[in-house]
Amino acid sequence: MPNTEWLQGAVGLTPRGEIEIDHRGETSQSGIFAAGDATTTPYKQIVVAMGEGSKAALSAFDYIIRTELMGEAVTGHHVTGA
Ligand SMILES: Cc1cc2nc3c(=O)[nH]c(=O)nc-3n(C[C@H](O)[C@H](O)[C@H](O)COP(=O)(O)OP(=O)(O)OC[C@H]3O[C@@H](n4cnc5c(N)ncnc54)[C@H](O)[C@@H]3O)c2cc1C
C-alpha cells in the first residue's frame, strides 16, 4: 500500500491509496502531478516509474509555461493564452 495518507483531501486517491492520475500524470488537483508506484499507473516496475516520472515532469513544465504568471517567472517572457 502506498504511503499516501497525508494526501487525503488534497488529491483523489483510490480505496487502495493510489494517487489517481490522468494520461499526463496530472492528479485530480490541477497543477499537481504524480508518478511511480504510488499512483494508479499499471505495472509497478523501475522502468515504468522512470518513464512516468519524466512524463509528469514534462507535464508540470507544460502546465507552468501555460500559466501566465508562473510562465513569466520561468521563461522571463510574457506568456499569452494557451
Ligand atoms: C522487493 C521488491 C523487488 C522489486 N524488484 C524489482 C525488479 O526486479 N525490477 C523492477 O523493475 N522493479 C522492481 N520492484 C519495483 C520497483 O522497486 C518500483 O517499481 C520502483 O522503485 C518505483 O519507484 P518509485 O520512485 O515510484 O517509488 P520508490 O522507489 O518506492 O520511491 C519512493 C520514495 O519516496 C519516499 N517516501 C515515501 N513517503 C514519503 C514522504 N511522505 N516524504 C518523503 N519521502 C517519502 C520513500 O522512502 C522512497 O524513497 C521491486 C519492488 C520490491 C518491493
# chains A, B, ... in the order shown; residues from 1 in each chain; ligands from 1

$ closest_atom_pairs --of "chain A" --to "ligand 1" --cutoff "7 Å" --atoms "only C-alpha atoms and all ligand atoms" --output "tab-separated table"
residue	atom	partner	partner_atom_place_in_ligand_line	distance
A:Asn3	CA	ligand 1	38 (N)	5.3
A:Ala35	CA	ligand 1	26 (O)	6.3
A:Gly36	CA	ligand 1	26 (O)	3.2
A:Asp37	CA	ligand 1	26 (O)	4.0
A:Ala38	CA	ligand 1	26 (O)	6.0
A:Lys44	CA	ligand 1	19 (O)	4.1
A:Gln45	CA	ligand 1	19 (O)	3.4
A:Ile46	CA	ligand 1	11 (O)	3.7
A:Val47	CA	ligand 1	11 (O)	5.7
A:Ala49	CA	ligand 1	26 (O)	5.1

$ residues_around --residues "stretch 25-34 of chain A" --least-positions-apart "5" --cutoff "6 Å" --atoms "only C-alpha atoms" --output "mmCIF file with C-alpha atoms, in the first residue's frame"
data_model
loop_
_atom_site.group_PDB
_atom_site.id
_atom_site.type_symbol
_atom_site.label_atom_id
_atom_site.label_comp_id
_atom_site.auth_asym_id
_atom_site.auth_seq_id
_atom_site.Cartn_x
_atom_site.Cartn_y
_atom_site.Cartn_z
ATOM 1 C CA VAL A 11 -5.797 14.846 -4.385
ATOM 2 C CA GLY A 12 -8.006 11.943 -5.433
ATOM 3 C CA GLU A 20 -5.362 8.924 -9.277
ATOM 4 C CA ALA A 56 4.937 14.036 -15.155
#

$ closest_residue --among "A:Ala57, A:Ile65, A:His77, A:Glu18" --to "A:Trp6" --atoms "only C-alpha atoms"
A:Glu18

$ select_by_dssp --residues "chain A" --states "helix (DSSP H, G or I)" --output "count of residues only"
31

$ residues_around --residues "A:Arg16" --least-positions-apart "4" --cutoff "10 Å" --atoms "only C-alpha atoms" --output "list in words"
Met1, Pro2, Thr4, Ala38 and Thr40 of chain A

$ write_last_selection --atoms "N, CA and C atoms" --output "PDB file, in the first residue's frame"
ATOM      1  N   MET A   1       0.845  -1.198   0.000  1.00  0.00           N
ATOM      2  CA  MET A   1       0.000   0.000   0.000  1.00  0.00           C
ATOM      3  C   MET A   1       0.886   1.256   0.000  1.00  0.00           C
ATOM      4  N   PRO A   2       0.606   2.225  -0.883  1.00  0.00           N
ATOM      5  CA  PRO A   2       1.413   3.442  -0.903  1.00  0.00           C
ATOM      6  C   PRO A   2       1.242   4.294   0.357  1.00  0.00           C
ATOM      7  N   THR A   4       0.399   7.280   1.298  1.00  0.00           N
ATOM      8  CA  THR A   4      -0.240   8.482   0.753  1.00  0.00           C
ATOM      9  C   THR A   4      -1.332   9.057   1.660  1.00  0.00           C
ATOM     10  N   ALA A  38       3.253   4.945  -6.413  1.00  0.00           N
ATOM     11  CA  ALA A  38       2.208   5.495  -5.546  1.00  0.00           C
ATOM     12  C   ALA A  38       0.970   5.913  -6.339  1.00  0.00           C
ATOM     13  N   THR A  40      -1.889   5.377  -9.821  1.00  0.00           N
ATOM     14  CA  THR A  40      -2.718   4.336 -10.424  1.00  0.00           C
ATOM     15  C   THR A  40      -2.085   3.723 -11.673  1.00  0.00           C
TER      16      THR A  40
END

$ select_by_dssp --residues "chain A" --states "strand (DSSP E or B)" --output "list in words"
Leu13, Ile19, Glu26, Phe33 and Thr39 of chain A

$ write_last_selection --atoms "C-alpha atoms" --output "PDB file, in the first residue's frame"
ATOM      1  CA  LEU A  13      -6.955   8.555  -4.072  1.00  0.00           C
ATOM      2  CA  ILE A  19      -2.942   8.624  -6.366  1.00  0.00           C
ATOM      3  CA  GLU A  26      -1.931  15.103 -13.514  1.00  0.00           C
ATOM      4  CA  PHE A  33       1.412  15.865 -10.887  1.00  0.00           C
ATOM      5  CA  THR A  39      -0.079   6.251  -8.497  1.00  0.00           C
TER       6      THR A  39
END

$ atom_distance --atom1 "atom CA of A:Asp22" --atom2 "atom CA of A:Pro42"
12.1 Å

$ closest_residue --among "A:Ser59, A:Thr41, A:Glu5, A:Ala73" --to "A:Ile21" --atoms "only C-alpha atoms"
A:Thr41

$ decode --residues "stretch 43-80 of chain A" --atoms "C-alpha atoms" --output "PDB file, in the first residue's frame"
ATOM      1  CA  TYR A  43       2.961  -2.310 -13.816  1.00  0.00           C
ATOM      2  CA  LYS A  44       4.943  -1.258 -10.754  1.00  0.00           C
ATOM      3  CA  GLN A  45       8.413  -1.558 -12.259  1.00  0.00           C
ATOM      4  CA  ILE A  46      11.506   0.674 -12.236  1.00  0.00           C
ATOM      5  CA  VAL A  47      11.468   1.406 -15.960  1.00  0.00           C
ATOM      6  CA  VAL A  48       7.784   2.355 -15.808  1.00  0.00           C
ATOM      7  CA  ALA A  49       8.337   4.660 -12.812  1.00  0.00           C
ATOM      8  CA  MET A  50      11.231   6.361 -14.646  1.00  0.00           C
ATOM      9  CA  GLY A  51       9.141   6.973 -17.776  1.00  0.00           C
ATOM     10  CA  GLU A  52       6.140   8.135 -15.822  1.00  0.00           C
ATOM     11  CA  GLY A  53       8.335  10.470 -13.779  1.00  0.00           C
ATOM     12  CA  SER A  54       9.725  12.000 -16.960  1.00  0.00           C
ATOM     13  CA  LYS A  55       6.217  12.415 -18.343  1.00  0.00           C
ATOM     14  CA  ALA A  56       4.937  14.036 -15.155  1.00  0.00           C
ATOM     15  CA  ALA A  57       7.908  16.441 -15.157  1.00  0.00           C
ATOM     16  CA  LEU A  58       7.228  17.451 -18.772  1.00  0.00           C
ATOM     17  CA  SER A  59       3.537  17.870 -17.974  1.00  0.00           C
ATOM     18  CA  ALA A  60       4.408  20.075 -15.000  1.00  0.00           C
ATOM     19  CA  PHE A  61       6.668  22.215 -17.197  1.00  0.00           C
ATOM     20  CA  ASP A  62       3.921  22.464 -19.820  1.00  0.00           C
ATOM     21  CA  TYR A  63       1.459  23.491 -17.100  1.00  0.00           C
ATOM     22  CA  ILE A  64       3.823  26.174 -15.804  1.00  0.00           C
ATOM     23  CA  ILE A  65       4.546  27.780 -19.176  1.00  0.00           C
ATOM     24  CA  ARG A  66       0.804  27.882 -19.914  1.00  0.00           C
ATOM     25  CA  THR A  67       0.068  29.564 -16.594  1.00  0.00           C
ATOM     26  CA  GLU A  68       0.639  33.253 -17.211  1.00  0.00           C
ATOM     27  CA  LEU A  69       2.382  34.451 -14.056  1.00  0.00           C
ATOM     28  CA  MET A  70       4.346  31.247 -13.466  1.00  0.00           C
ATOM     29  CA  GLY A  71       5.393  31.098 -17.125  1.00  0.00           C
ATOM     30  CA  GLU A  72       6.852  34.590 -16.878  1.00  0.00           C
ATOM     31  CA  ALA A  73       8.815  33.590 -13.814  1.00  0.00           C
ATOM     32  CA  VAL A  74      10.277  30.533 -15.571  1.00  0.00           C
ATOM     33  CA  THR A  75      10.921  31.954 -19.053  1.00  0.00           C
ATOM     34  CA  GLY A  76      11.357  35.649 -18.305  1.00  0.00           C
ATOM     35  CA  HIS A  77       8.913  36.345 -21.138  1.00  0.00           C
ATOM     36  CA  HIS A  78       5.293  37.333 -21.104  1.00  0.00           C
ATOM     37  CA  VAL A  79       3.211  34.266 -21.995  1.00  0.00           C
ATOM     38  CA  THR A  80      -0.019  34.793 -23.898  1.00  0.00           C
TER      39      THR A  80
END
